>>> print(open('protein.txt').read())   # compact mmCIF, C-alpha atoms
# COMPACT_ATOMS: atom_id res chain seq x y z
CA MET A 1 0.00 0.00 0.00
CA LEU A 2 1.49 3.34 -1.03
CA ASN A 3 1.55 5.87 1.75
CA ASP A 4 1.07 9.63 1.43
CA TYR A 5 4.79 10.32 1.48
CA LEU A 6 5.44 8.01 -1.47
CA LYS A 7 2.51 9.43 -3.37
CA THR A 8 3.84 12.95 -2.80
CA LEU A 9 7.22 11.85 -4.12
CA ILE A 10 5.63 10.24 -7.16
CA SER A 11 3.58 13.39 -7.74
CA GLU A 12 6.70 15.55 -7.65
CA TYR A 13 8.54 13.01 -9.79
CA ALA A 14 5.79 13.32 -12.39
CA ASP A 15 6.29 17.09 -12.38
CA ASP A 16 10.09 16.75 -12.50
CA GLU A 17 10.37 18.74 -9.27
CA LEU A 18 12.80 16.43 -7.45
CA ASP A 19 16.58 16.66 -7.26
CA LEU A 20 18.70 14.27 -9.27
CA GLU A 21 19.35 11.75 -6.51
CA THR A 22 15.72 11.57 -5.34
CA THR A 23 14.56 11.31 -8.96
CA ARG A 24 16.82 8.28 -9.41
CA GLN A 25 15.53 6.68 -6.19
CA VAL A 26 11.88 7.24 -7.08
CA SER A 27 12.49 5.95 -10.60
CA ASP A 28 14.04 2.75 -9.20
CA PHE A 29 11.19 2.38 -6.73
CA ILE A 30 8.57 2.69 -9.47
CA ALA A 31 10.40 0.13 -11.57
CA GLU A 32 10.56 -2.34 -8.69
CA ASN A 33 7.14 -1.85 -7.09
CA SER A 34 4.17 -2.86 -9.21
CA GLU A 35 1.69 -0.84 -7.16
CA ALA A 36 3.77 2.32 -7.51
CA GLU A 37 4.17 1.63 -11.21
CA GLY A 38 0.40 1.18 -11.63
CA TYR A 39 -0.32 4.39 -9.74
CA PHE A 40 2.27 6.35 -11.73
CA ASN A 41 1.04 5.03 -15.08
CA LYS A 42 -2.57 5.79 -14.24
CA LEU A 43 -1.65 9.30 -13.12
CA GLN A 44 0.34 9.99 -16.26
CA SER A 45 -2.47 8.66 -18.45
CA LEU A 46 -4.97 10.93 -16.75
CA ARG A 47 -2.62 13.89 -17.10
CA ARG A 48 -2.04 13.24 -20.80
CA LEU A 49 -5.74 12.82 -21.41
CA THR A 50 -6.53 16.02 -19.54
CA THR A 51 -3.85 17.97 -21.35
CA GLU A 52 -5.04 16.76 -24.72
CA HIS A 53 -8.73 17.35 -24.16
CA LEU A 54 -8.91 20.22 -21.73
CA ARG A 55 -5.73 22.26 -22.04
CA GLU A 56 -5.63 22.28 -25.78
CA GLU A 57 -9.27 23.05 -26.16
CA ALA A 58 -10.03 25.24 -29.19
CA GLU A 59 -10.22 28.92 -28.36
CA ASP A 60 -13.63 30.50 -28.52
CA PRO A 61 -13.37 33.13 -31.28
CA THR A 62 -16.32 35.15 -30.03
CA LEU A 63 -15.23 35.27 -26.40
CA GLU A 64 -13.28 38.49 -26.77
CA LEU A 65 -16.21 40.21 -28.42
CA ARG A 66 -18.71 38.99 -25.85
CA MET A 67 -16.54 40.05 -22.96
CA MET A 68 -15.83 43.46 -24.43
CA ASN A 69 -19.52 44.13 -25.01
CA ALA A 70 -20.42 43.01 -21.50
CA LEU A 71 -17.63 45.09 -20.03
CA ARG A 72 -18.68 48.16 -21.99
CA LEU A 73 -22.24 47.80 -20.76
CA ARG A 74 -21.23 47.18 -17.18
CA SER A 75 -18.66 49.93 -17.13
CA TYR A 76 -21.59 52.36 -17.17
CA GLU A 77 -22.93 50.78 -14.01
CA GLN A 78 -22.48 52.93 -10.97
CA THR A 79 -21.92 51.97 -7.41
CA TRP A 80 -24.55 53.07 -4.89
CA TRP A 81 -22.49 56.00 -3.67
CA GLU A 82 -21.89 57.13 -7.23
CA ARG A 83 -25.63 56.96 -7.82
CA VAL A 84 -26.28 59.03 -4.68
CA PHE A 85 -23.80 61.69 -5.67
CA ALA A 86 -24.87 61.69 -9.28
CA SER A 87 -28.55 62.06 -8.45
CA ARG A 88 -30.16 65.30 -7.38
CA ALA A 89 -30.29 64.27 -3.78
CA LEU A 90 -27.70 66.89 -3.05
CA SER A 91 -29.45 69.81 -4.74
CA PRO A 92 -29.55 72.80 -2.29
CA ARG A 93 -33.10 72.24 -1.05
CA LYS A 94 -32.75 68.50 -0.65
CA ALA A 95 -29.32 68.83 0.93
CA THR A 96 -30.72 71.29 3.50
CA ALA A 97 -33.64 68.99 4.21
CA VAL A 98 -31.33 66.01 4.64
CA ALA A 99 -29.04 68.04 6.93
CA LEU A 100 -32.01 69.11 9.06
CA VAL A 101 -33.27 65.56 9.33
CA ILE A 102 -29.81 64.40 10.38
CA ILE A 103 -29.56 67.16 13.01
CA VAL A 104 -32.99 66.25 14.41
CA ILE A 105 -32.02 62.59 14.56
CA VAL A 106 -28.75 63.42 16.33
CA LEU A 107 -30.54 65.65 18.87
CA PHE A 108 -33.16 63.03 19.49
CA LEU A 109 -30.53 60.36 19.99
CA PHE A 110 -28.60 62.68 22.27
CA SER A 111 -31.61 63.43 24.45
CA TYR A 112 -32.68 59.81 24.41
CA PHE A 113 -29.34 58.52 25.58
CA GLN A 114 -28.45 61.47 27.84
CA ALA A 115 -30.70 60.47 30.79
CA PRO A 116 -29.35 56.92 31.12
CA VAL A 117 -25.80 58.16 30.73
CA SER A 118 -26.27 60.86 33.39
CA ARG A 119 -27.90 58.35 35.70
CA PHE A 120 -25.07 55.97 35.24
CA LEU A 121 -22.51 58.69 35.96
CA ALA A 122 -24.36 59.85 39.10
CA ASP A 123 -24.66 56.29 40.38
CA THR A 124 -20.99 55.69 39.77
CA ARG A 125 -20.05 58.89 41.61
CA THR A 126 -22.20 57.95 44.61
CA ARG A 127 -20.75 54.48 44.71
CA VAL A 128 -17.20 55.83 44.54
CA GLU A 129 -17.89 58.28 47.37
CA GLN A 130 -19.47 55.50 49.43
CA LEU A 131 -16.50 53.24 48.89
CA GLY A 132 -14.15 56.12 49.82
CA GLY A 133 -16.06 56.72 53.09
CA GLU A 134 -15.95 53.03 53.98
CA ALA A 135 -12.26 52.86 53.31
CA GLN A 136 -11.65 55.97 55.43
CA THR A 137 -13.59 54.52 58.40
CA GLU A 138 -11.77 51.25 58.15
CA LEU A 139 -8.41 53.00 58.05
CA THR A 140 -9.27 55.07 61.13
CA GLU A 141 -10.29 51.95 63.06
CA ARG A 142 -7.09 50.18 62.11
CA ARG A 143 -5.01 53.18 63.09
CA ASP A 144 -6.68 53.34 66.52
CA GLU A 145 -6.10 49.61 67.06
CA LEU A 146 -2.47 49.96 66.09
CA THR A 147 -1.92 52.96 68.35
CA GLU A 148 -3.51 51.11 71.25
CA SER A 149 -1.36 48.00 70.84
CA LEU A 150 1.78 50.09 70.46
CA GLY A 151 0.92 51.97 73.64
CA GLU A 152 0.59 48.68 75.49
CA LEU A 153 3.92 47.45 74.22
CA LEU A 154 5.85 50.60 75.04
CA ALA A 155 4.31 51.28 78.49
CA PRO A 156 6.66 50.33 81.51
CA PRO A 157 5.47 47.32 83.57
CA SER A 158 3.64 48.11 86.90
CA PRO A 159 5.32 47.21 90.31
CA ASP A 160 2.77 44.40 90.95
CA GLU A 161 3.65 42.73 87.68
CA GLU A 162 7.40 42.94 88.54
CA GLU A 163 6.81 41.32 91.94
CA GLY A 164 4.83 38.52 90.34
CA GLU A 165 7.59 37.81 87.87
CA ARG A 166 10.24 37.64 90.62
CA THR A 167 8.19 35.13 92.69
CA THR A 168 7.74 32.91 89.66
CA SER A 169 11.48 32.79 88.95
CA ALA A 170 12.32 31.93 92.62
CA THR A 171 10.03 28.86 92.71
CA GLU A 172 11.47 27.47 89.46
CA PRO A 173 14.10 24.66 90.07
CA GLU A 174 17.67 25.43 89.16
CA VAL A 175 19.12 23.42 86.33
CA SER A 176 22.74 22.44 86.80
CA VAL A 177 24.83 22.84 83.72
CA ALA A 178 27.44 20.42 84.80
CA MET B 1 1.84 31.71 -16.85
CA VAL B 2 0.97 34.46 -19.32
CA GLU B 3 3.01 37.61 -18.88
CA ILE B 4 0.91 40.75 -19.08
CA PRO B 5 2.96 43.75 -20.22
CA SER B 6 2.95 46.66 -17.81
CA SER B 7 2.09 49.08 -20.61
CA LEU B 8 -1.03 47.05 -21.34
CA LEU B 9 -2.13 47.28 -17.72
CA ILE B 10 -1.53 51.03 -17.67
CA GLY B 11 -3.60 51.34 -20.84
CA CYS B 12 -6.39 49.27 -19.26
CA ALA B 13 -6.29 51.34 -16.09
CA SER B 14 -6.73 54.49 -18.15
CA GLY B 15 -9.77 52.93 -19.83
CA ASP B 16 -8.30 52.30 -23.27
CA ASP B 17 -10.63 49.99 -25.24
CA THR B 18 -7.85 48.55 -27.38
CA CYS B 19 -5.86 47.61 -24.31
CA TRP B 20 -8.87 45.89 -22.79
CA GLN B 21 -9.42 43.95 -26.00
CA GLU B 22 -5.80 42.84 -25.92
CA LEU B 23 -6.02 41.89 -22.25
CA ILE B 24 -9.11 39.79 -22.88
CA ARG B 25 -7.48 38.21 -25.92
CA LEU B 26 -4.42 37.29 -23.84
CA THR B 27 -6.26 35.93 -20.84
CA GLY B 28 -9.72 34.91 -22.07
CA GLY B 29 -8.82 31.38 -23.18
CA HIS B 30 -7.03 30.62 -19.92
CA PHE B 31 -9.85 32.01 -17.83
CA GLN B 32 -12.41 30.11 -19.82
CA ARG B 33 -10.64 26.79 -19.26
CA ILE B 34 -10.20 27.43 -15.54
CA ALA B 35 -13.82 28.46 -15.09
CA ARG B 36 -15.29 25.62 -17.14
CA VAL B 37 -13.73 22.98 -14.94
CA ASN B 38 -14.12 24.81 -11.66
CA LEU B 39 -17.80 25.59 -12.08
CA ARG B 40 -20.46 23.09 -11.16
CA ASP B 41 -22.39 24.32 -14.15
CA PRO B 42 -20.02 25.12 -17.05
CA SER B 43 -22.75 26.96 -18.90
CA LEU B 44 -22.24 29.80 -16.45
CA THR B 45 -18.65 30.34 -17.58
CA ASP B 46 -19.49 33.53 -19.44
CA ASP B 47 -21.23 35.04 -16.41
CA VAL B 48 -18.25 34.33 -14.21
CA LEU B 49 -15.81 35.71 -16.76
CA GLN B 50 -17.85 38.88 -17.12
CA GLU B 51 -17.89 39.36 -13.38
CA THR B 52 -14.15 38.71 -13.19
CA TYR B 53 -13.28 41.23 -15.90
CA PHE B 54 -15.62 43.73 -14.32
CA LYS B 55 -13.88 43.36 -10.97
CA VAL B 56 -10.51 43.67 -12.68
CA PHE B 57 -11.80 46.80 -14.40
CA ARG B 58 -12.94 48.27 -11.08
CA ASN B 59 -9.82 47.41 -9.09
CA LEU B 60 -6.97 47.54 -11.57
CA ARG B 61 -5.83 50.92 -10.31
CA LYS B 62 -5.41 49.49 -6.82
CA LEU B 63 -2.99 46.83 -8.07
CA ARG B 64 0.46 47.92 -6.89
CA ASP B 65 2.69 45.12 -8.16
CA ARG B 66 1.94 44.87 -11.87
CA SER B 67 4.19 41.84 -12.27
CA ARG B 68 1.60 39.92 -10.26
CA ALA B 69 -1.31 40.93 -12.43
CA MET B 70 -2.00 37.46 -13.80
CA PRO B 71 -2.02 35.62 -10.43
CA TRP B 72 -4.20 38.43 -9.08
CA MET B 73 -6.68 38.05 -11.92
CA VAL B 74 -6.74 34.26 -11.59
CA GLN B 75 -7.36 34.67 -7.87
CA ILE B 76 -10.38 36.89 -8.64
CA LEU B 77 -11.62 34.31 -11.14
CA ILE B 78 -11.26 31.45 -8.66
CA ASN B 79 -13.12 33.44 -6.01
CA GLU B 80 -15.90 34.14 -8.49
CA CYS B 81 -16.11 30.45 -9.32
CA ARG B 82 -16.35 29.62 -5.61
CA MET B 83 -19.11 32.17 -5.09
CA MET B 84 -21.04 30.88 -8.10
CA ASN B 85 -20.64 27.28 -6.92
CA ARG B 86 -21.98 28.18 -3.48
CA LYS B 87 -24.94 29.87 -5.09
CA LEU B 88 -25.57 26.84 -7.30
CA LYS B 89 -25.23 24.52 -4.33
CA ARG B 90 -27.86 26.43 -2.41
CA GLU B 91 -30.19 26.35 -5.38
CA ALA B 92 -29.65 22.67 -6.07
CA GLN B 93 -29.92 21.42 -2.51
CA ASN B 94 -33.21 19.71 -3.13
CA GLU B 95 -32.39 18.47 -6.57
CA SER B 96 -30.71 15.10 -6.85
CA GLU B 97 -27.61 15.05 -8.98
CA GLU B 98 -27.20 12.68 -11.86
CA SER B 99 -24.85 9.85 -11.17
CA LEU B 100 -21.52 10.31 -12.89
CA SER B 101 -21.12 6.56 -13.28
CA TYR B 102 -24.48 6.32 -14.99
CA GLN B 103 -23.56 9.14 -17.36
CA LEU B 104 -20.26 7.50 -18.16
CA ALA B 105 -21.81 4.11 -18.78
CA SER B 106 -24.37 5.62 -21.10
CA THR B 107 -21.70 7.20 -23.27
CA LYS B 108 -19.49 4.15 -23.44
CA ASP B 109 -20.15 3.50 -27.08
CA ASP B 110 -19.93 7.08 -28.18
CA ARG B 111 -16.37 8.10 -27.47
CA GLY B 112 -16.02 11.45 -29.15
CA SER B 113 -13.62 14.13 -28.10
CA ALA B 114 -16.44 16.28 -26.74
CA GLU B 115 -17.64 13.40 -24.61
CA THR B 116 -14.17 12.69 -23.28
CA ARG B 117 -13.80 16.37 -22.47
CA GLU B 118 -17.12 16.38 -20.73
CA ILE B 119 -16.24 13.29 -18.71
CA LEU B 120 -12.85 14.62 -17.70
CA GLY B 121 -14.46 17.88 -16.67
CA ARG B 122 -17.06 16.07 -14.61
CA LEU B 123 -14.37 13.92 -13.08
CA LEU B 124 -12.53 17.03 -11.91
CA ARG B 125 -15.75 18.62 -10.69
CA GLN B 126 -16.28 15.64 -8.38
CA LEU B 127 -13.19 16.65 -6.42
CA PRO B 128 -13.37 19.01 -3.44
CA GLU B 129 -12.89 22.66 -4.32
CA HIS B 130 -9.31 23.12 -3.07
CA TYR B 131 -8.06 20.02 -4.83
CA ARG B 132 -9.88 20.80 -8.05
CA GLU B 133 -8.47 24.32 -8.19
CA ILE B 134 -4.90 23.20 -7.77
CA LEU B 135 -5.27 20.41 -10.34
CA VAL B 136 -6.77 22.80 -12.86
CA LEU B 137 -3.92 25.27 -12.40
CA ARG B 138 -1.30 22.55 -12.74
CA GLU B 139 -2.73 20.17 -15.31
CA ILE B 140 -4.79 22.46 -17.49
CA GLU B 141 -3.04 25.79 -17.14
CA GLY B 142 0.42 24.24 -16.72
CA LEU B 143 1.52 26.59 -13.93
CA ASP B 144 4.60 25.59 -11.96
CA TYR B 145 4.57 25.20 -8.17
CA GLU B 146 5.71 28.75 -7.46
CA GLU B 147 3.09 30.27 -9.73
CA ILE B 148 0.39 28.16 -8.11
CA ALA B 149 1.56 29.25 -4.65
CA LEU B 150 1.44 32.87 -5.79
CA THR B 151 -2.01 32.49 -7.31
CA LEU B 152 -3.61 30.61 -4.44
CA ARG B 153 -1.64 32.54 -1.81
CA VAL B 154 -0.42 29.42 -0.04
CA PRO B 155 3.12 28.26 0.84
CA ILE B 156 4.90 26.11 -1.72
CA GLY B 157 4.91 23.17 0.72
CA THR B 158 1.14 23.32 0.80
CA VAL B 159 1.09 23.26 -2.99
CA ARG B 160 3.20 20.08 -3.02
CA SER B 161 1.12 18.23 -0.44
CA ARG B 162 -2.23 19.44 -1.73
CA LEU B 163 -1.35 18.53 -5.30
CA ALA B 164 -0.25 15.04 -4.25
CA ARG B 165 -3.47 14.55 -2.30
CA ALA B 166 -5.54 15.90 -5.20
CA ARG B 167 -3.86 13.49 -7.59
CA THR B 168 -4.46 10.55 -5.28
CA MET B 169 -8.16 11.40 -5.16
CA TRP B 170 -8.19 12.02 -8.89
CA VAL B 171 -6.67 8.63 -9.70
CA ASP B 172 -8.97 6.86 -7.20
CA LEU B 173 -12.02 8.53 -8.68
CA ALA B 174 -10.97 7.60 -12.20
CA GLY B 175 -10.48 4.03 -10.97
CA GLU B 176 -14.02 3.97 -9.60
CA ILE B 177 -15.33 5.18 -12.93
CA VAL B 178 -13.42 2.50 -14.78
CA GLU B 179 -14.91 -0.10 -12.44
CA ALA B 180 -18.35 1.36 -13.10
CA GLY B 181 -17.82 0.59 -16.79
CA GLY B 182 -17.25 4.13 -17.93
CA LEU B 183 -15.60 5.60 -20.93
CA LEU B 184 -12.27 6.22 -19.30
CA ASP B 185 -11.31 2.56 -19.06
CA LEU B 186 -10.36 2.48 -22.71
CA CYS B 187 -8.65 5.86 -22.52
CA LEU B 188 -6.65 4.91 -19.46
CA ASP B 189 -5.64 1.61 -20.97
CA GLY B 190 -4.48 3.35 -24.13
CA GLY B 191 -7.56 2.29 -26.07
CA ASP B 192 -8.01 5.55 -27.94
CA GLY B 193 -4.34 6.01 -28.55
CA VAL B 194 -4.01 8.87 -26.11
CA ALA B 195 -2.59 7.14 -23.10
>>> encode(input="protein.txt", output="structure tokens")
Amino acid sequence: MLNDYLKTLISEYADDELDLETTRQVSDFIAENSEAEGYFNKLQSLRRLTTEHLREEAEDPTLELRMMNALRLRSYEQTWWERVFASRALSPRKATAVALVIIVIVLFLFSYFQAPVSRFLADTRTRVEQLGGEAQTELTERRDELTESLGELLAPPSPDEEEGERTTSATEPEVSVA
Amino acid sequence: MVEIPSSLLIGCASGDDTCWQELIRLTGGHFQRIARVNLRDPSLTDDVLQETYFKVFRNLRKLRDRSRAMPWMVQILINECRMMNRKLKREAQNESEESLSYQLASTKDDRGSAETREILGRLLRQLPEHYREILVLREIEGLDYEEIALTLRVPIGTVRSRLARARTMWVDLAGEIVEAGGLLDLCLDGGDGVA
């Protein structure tokens, strides 16, 4: 069974697209392998048949004429923007009317979308202020907590606490190092 | 691939009728062959060619590299064929297609050149679009790998692999037709002196 790689090589061999060494190898392979030989022969037959019947098909003598006529006719066709600009849509009165209509539409759209936009902006501002206030409160609480704990750490111990500590150390057994 | 002189393209871009006639004379036959095989319905070849030339007419001024005019035009033609085929496919969705094998068997005893041409065309039309296009450019138009890569805008490696795959399918399909008792059996065996 010929795999894709071999078929690609045979295809390129048929087109004479391989280097000399590979061409020799593929040629030997085709000569030795009956399946490859059958595939190659069938391919070449199809190619010859196609070349003879489809490539060398007689030229149509009227084609040029037909195409030229069609092209001439179609060359007068205008695109939609050419039609707009060529028509009288832009005569002074119509142009003014169109401009007015556009302005009205823009104003309408502006007023229509203004309220939701303003509402959105106001909501956002309120939310931002609220978040700022919360953050400020939280920071103040943290600061107070921190100040309090620092105060506790830095304050000198009271005489009662010192006495207690001394008693505790006296009752503890002594550990001999030796 | 046909070389289109730069002066001719300049003349066409300026709307010179004689230049357009010359351009159509140079390219018309090639375009016709490509379109006939690529279209599901070859009778629409003229429509596709008209559309192609019209698009060339509209866009020629935008073409910067004039040395690539021919691949550019073939690309437009192939796109037009694809669009037309899609349109035909939509229209023919509910219609059953005639069996190629049946058609071939029915023409077995009438092996004229026109019939062989028709059968070969139908054989190519049975292939998927990408494979058909590359086979047409190689086998019918005789473009080399680089020109095909330029026309289809694909790397040359893709051209090699796609062409090999297309040929495998092509040969297999022809084999099926031979088994179905079609006309090609004699052609492929050298019966009509071609192969």
>>> closest_atom_pairs(input="protein.txt", of="chain A", to="chain B", cutoff="10 Å", atoms="all atoms listed in the file", output="JSON lines")
{"residue": "A:Asp4", "atom": "CA", "partner": "B:Arg165", "partner_atom": "CA", "distance": 7.7}
{"residue": "A:Tyr5", "atom": "CA", "partner": "B:Ser161", "partner_atom": "CA", "distance": 8.9}
{"residue": "A:Leu6", "atom": "CA", "partner": "B:Ala164", "partner_atom": "CA", "distance": 9.5}
{"residue": "A:Lys7", "atom": "CA", "partner": "B:Ala164", "partner_atom": "CA", "distance": 6.3}
{"residue": "A:Thr8", "atom": "CA", "partner": "B:Ala164", "partner_atom": "CA", "distance": 4.8}
{"residue": "A:Leu9", "atom": "CA", "partner": "B:Ala164", "partner_atom": "CA", "distance": 8.1}
{"residue": "A:Ile10", "atom": "CA", "partner": "B:Ala164", "partner_atom": "CA", "distance": 8.1}
{"residue": "A:Ser11", "atom": "CA", "partner": "B:Ala164", "partner_atom": "CA", "distance": 5.4}
{"residue": "A:Glu12", "atom": "CA", "partner": "B:Arg160", "partner_atom": "CA", "distance": 7.4}
{"residue": "A:Asp15", "atom": "CA", "partner": "B:Asp144", "partner_atom": "CA", "distance": 8.7}
{"residue": "A:Glu17", "atom": "CA", "partner": "B:Tyr145", "partner_atom": "CA", "distance": 8.8}
{"residue": "A:Tyr39", "atom": "CA", "partner": "B:Val171", "partner_atom": "CA", "distance": 7.6}
{"residue": "A:Phe40", "atom": "CA", "partner": "B:Val171", "partner_atom": "CA", "distance": 9.4}
{"residue": "A:Asn41", "atom": "CA", "partner": "B:Leu188", "partner_atom": "CA", "distance": 8.9}
{"residue": "A:Lys42", "atom": "CA", "partner": "B:Leu188", "partner_atom": "CA", "distance": 6.7}
{"residue": "A:Leu43", "atom": "CA", "partner": "B:Val171", "partner_atom": "CA", "distance": 6.1}
{"residue": "A:Gln44", "atom": "CA", "partner": "B:Ala195", "partner_atom": "CA", "distance": 8.0}
{"residue": "A:Ser45", "atom": "CA", "partner": "B:Ala195", "partner_atom": "CA", "distance": 4.9}
{"residue": "A:Leu46", "atom": "CA", "partner": "B:Leu188", "partner_atom": "CA", "distance": 6.8}
{"residue": "A:Arg47", "atom": "CA", "partner": "B:Glu139", "partner_atom": "CA", "distance": 6.5}
{"residue": "A:Arg48", "atom": "CA", "partner": "B:Ala195", "partner_atom": "CA", "distance": 6.5}
{"residue": "A:Leu49", "atom": "CA", "partner": "B:Val194", "partner_atom": "CA", "distance": 6.4}
{"residue": "A:Thr50", "atom": "CA", "partner": "B:Leu120", "partner_atom": "CA", "distance": 6.7}
{"residue": "A:Thr51", "atom": "CA", "partner": "B:Ile140", "partner_atom": "CA", "distance": 6.0}
{"residue": "A:Glu52", "atom": "CA", "partner": "B:Val194", "partner_atom": "CA", "distance": 8.1}
{"residue": "A:His53", "atom": "CA", "partner": "B:Arg117", "partner_atom": "CA", "distance": 5.4}
{"residue": "A:Leu54", "atom": "CA", "partner": "B:Arg117", "partner_atom": "CA", "distance": 6.3}
{"residue": "A:Arg55", "atom": "CA", "partner": "B:Ile140", "partner_atom": "CA", "distance": 4.7}
{"residue": "A:Glu56", "atom": "CA", "partner": "B:Ile140", "partner_atom": "CA", "distance": 8.3}
{"residue": "A:Glu57", "atom": "CA", "partner": "B:Arg33", "partner_atom": "CA", "distance": 8.0}
{"residue": "A:Ala58", "atom": "CA", "partner": "B:Gly29", "partner_atom": "CA", "distance": 8.7}
{"residue": "A:Glu59", "atom": "CA", "partner": "B:Gly29", "partner_atom": "CA", "distance": 5.9}
{"residue": "A:Asp60", "atom": "CA", "partner": "B:Gly29", "partner_atom": "CA", "distance": 7.2}
{"residue": "A:Pro61", "atom": "CA", "partner": "B:Arg25", "partner_atom": "CA", "distance": 9.4}
{"residue": "A:Leu63", "atom": "CA", "partner": "B:Gly28", "partner_atom": "CA", "distance": 7.0}
{"residue": "A:Glu64", "atom": "CA", "partner": "B:Ile24", "partner_atom": "CA", "distance": 5.8}
{"residue": "A:Leu65", "atom": "CA", "partner": "B:Gln21", "partner_atom": "CA", "distance": 8.1}
{"residue": "A:Arg66", "atom": "CA", "partner": "B:Asp46", "partner_atom": "CA", "distance": 8.5}
{"residue": "A:Met67", "atom": "CA", "partner": "B:Gln50", "partner_atom": "CA", "distance": 6.1}
{"residue": "A:Met68", "atom": "CA", "partner": "B:Gln21", "partner_atom": "CA", "distance": 6.6}
{"residue": "A:Asn69", "atom": "CA", "partner": "B:Gln50", "partner_atom": "CA", "distance": 9.6}
{"residue": "A:Ala70", "atom": "CA", "partner": "B:Gln50", "partner_atom": "CA", "distance": 6.5}
{"residue": "A:Leu71", "atom": "CA", "partner": "B:Phe54", "partner_atom": "CA", "distance": 6.2}
{"residue": "A:Arg72", "atom": "CA", "partner": "B:Asp17", "partner_atom": "CA", "distance": 8.9}
{"residue": "A:Arg74", "atom": "CA", "partner": "B:Phe54", "partner_atom": "CA", "distance": 7.2}
{"residue": "A:Ser75", "atom": "CA", "partner": "B:Phe54", "partner_atom": "CA", "distance": 7.5}
>>> residues_near_point(input="protein.txt", point="(-6.8, 40.1, -6.1)", cutoff="10 Å", atoms="all atoms listed in the file", output="list in words")
Lys55, Val56, Asn59, Leu60, Lys62, Leu63, Arg68, Ala69, Met70, Pro71, Trp72, Met73, Val74, Gln75, Ile76, Leu77, Asn79 and Thr151 of chain B
>>> closest_residue(input="protein.txt", among="B:Glu3, B:Asp41, B:Leu127, B:Ser67", to="Glu91 of chain B", atoms="only C-alpha atoms")
B:Asp41
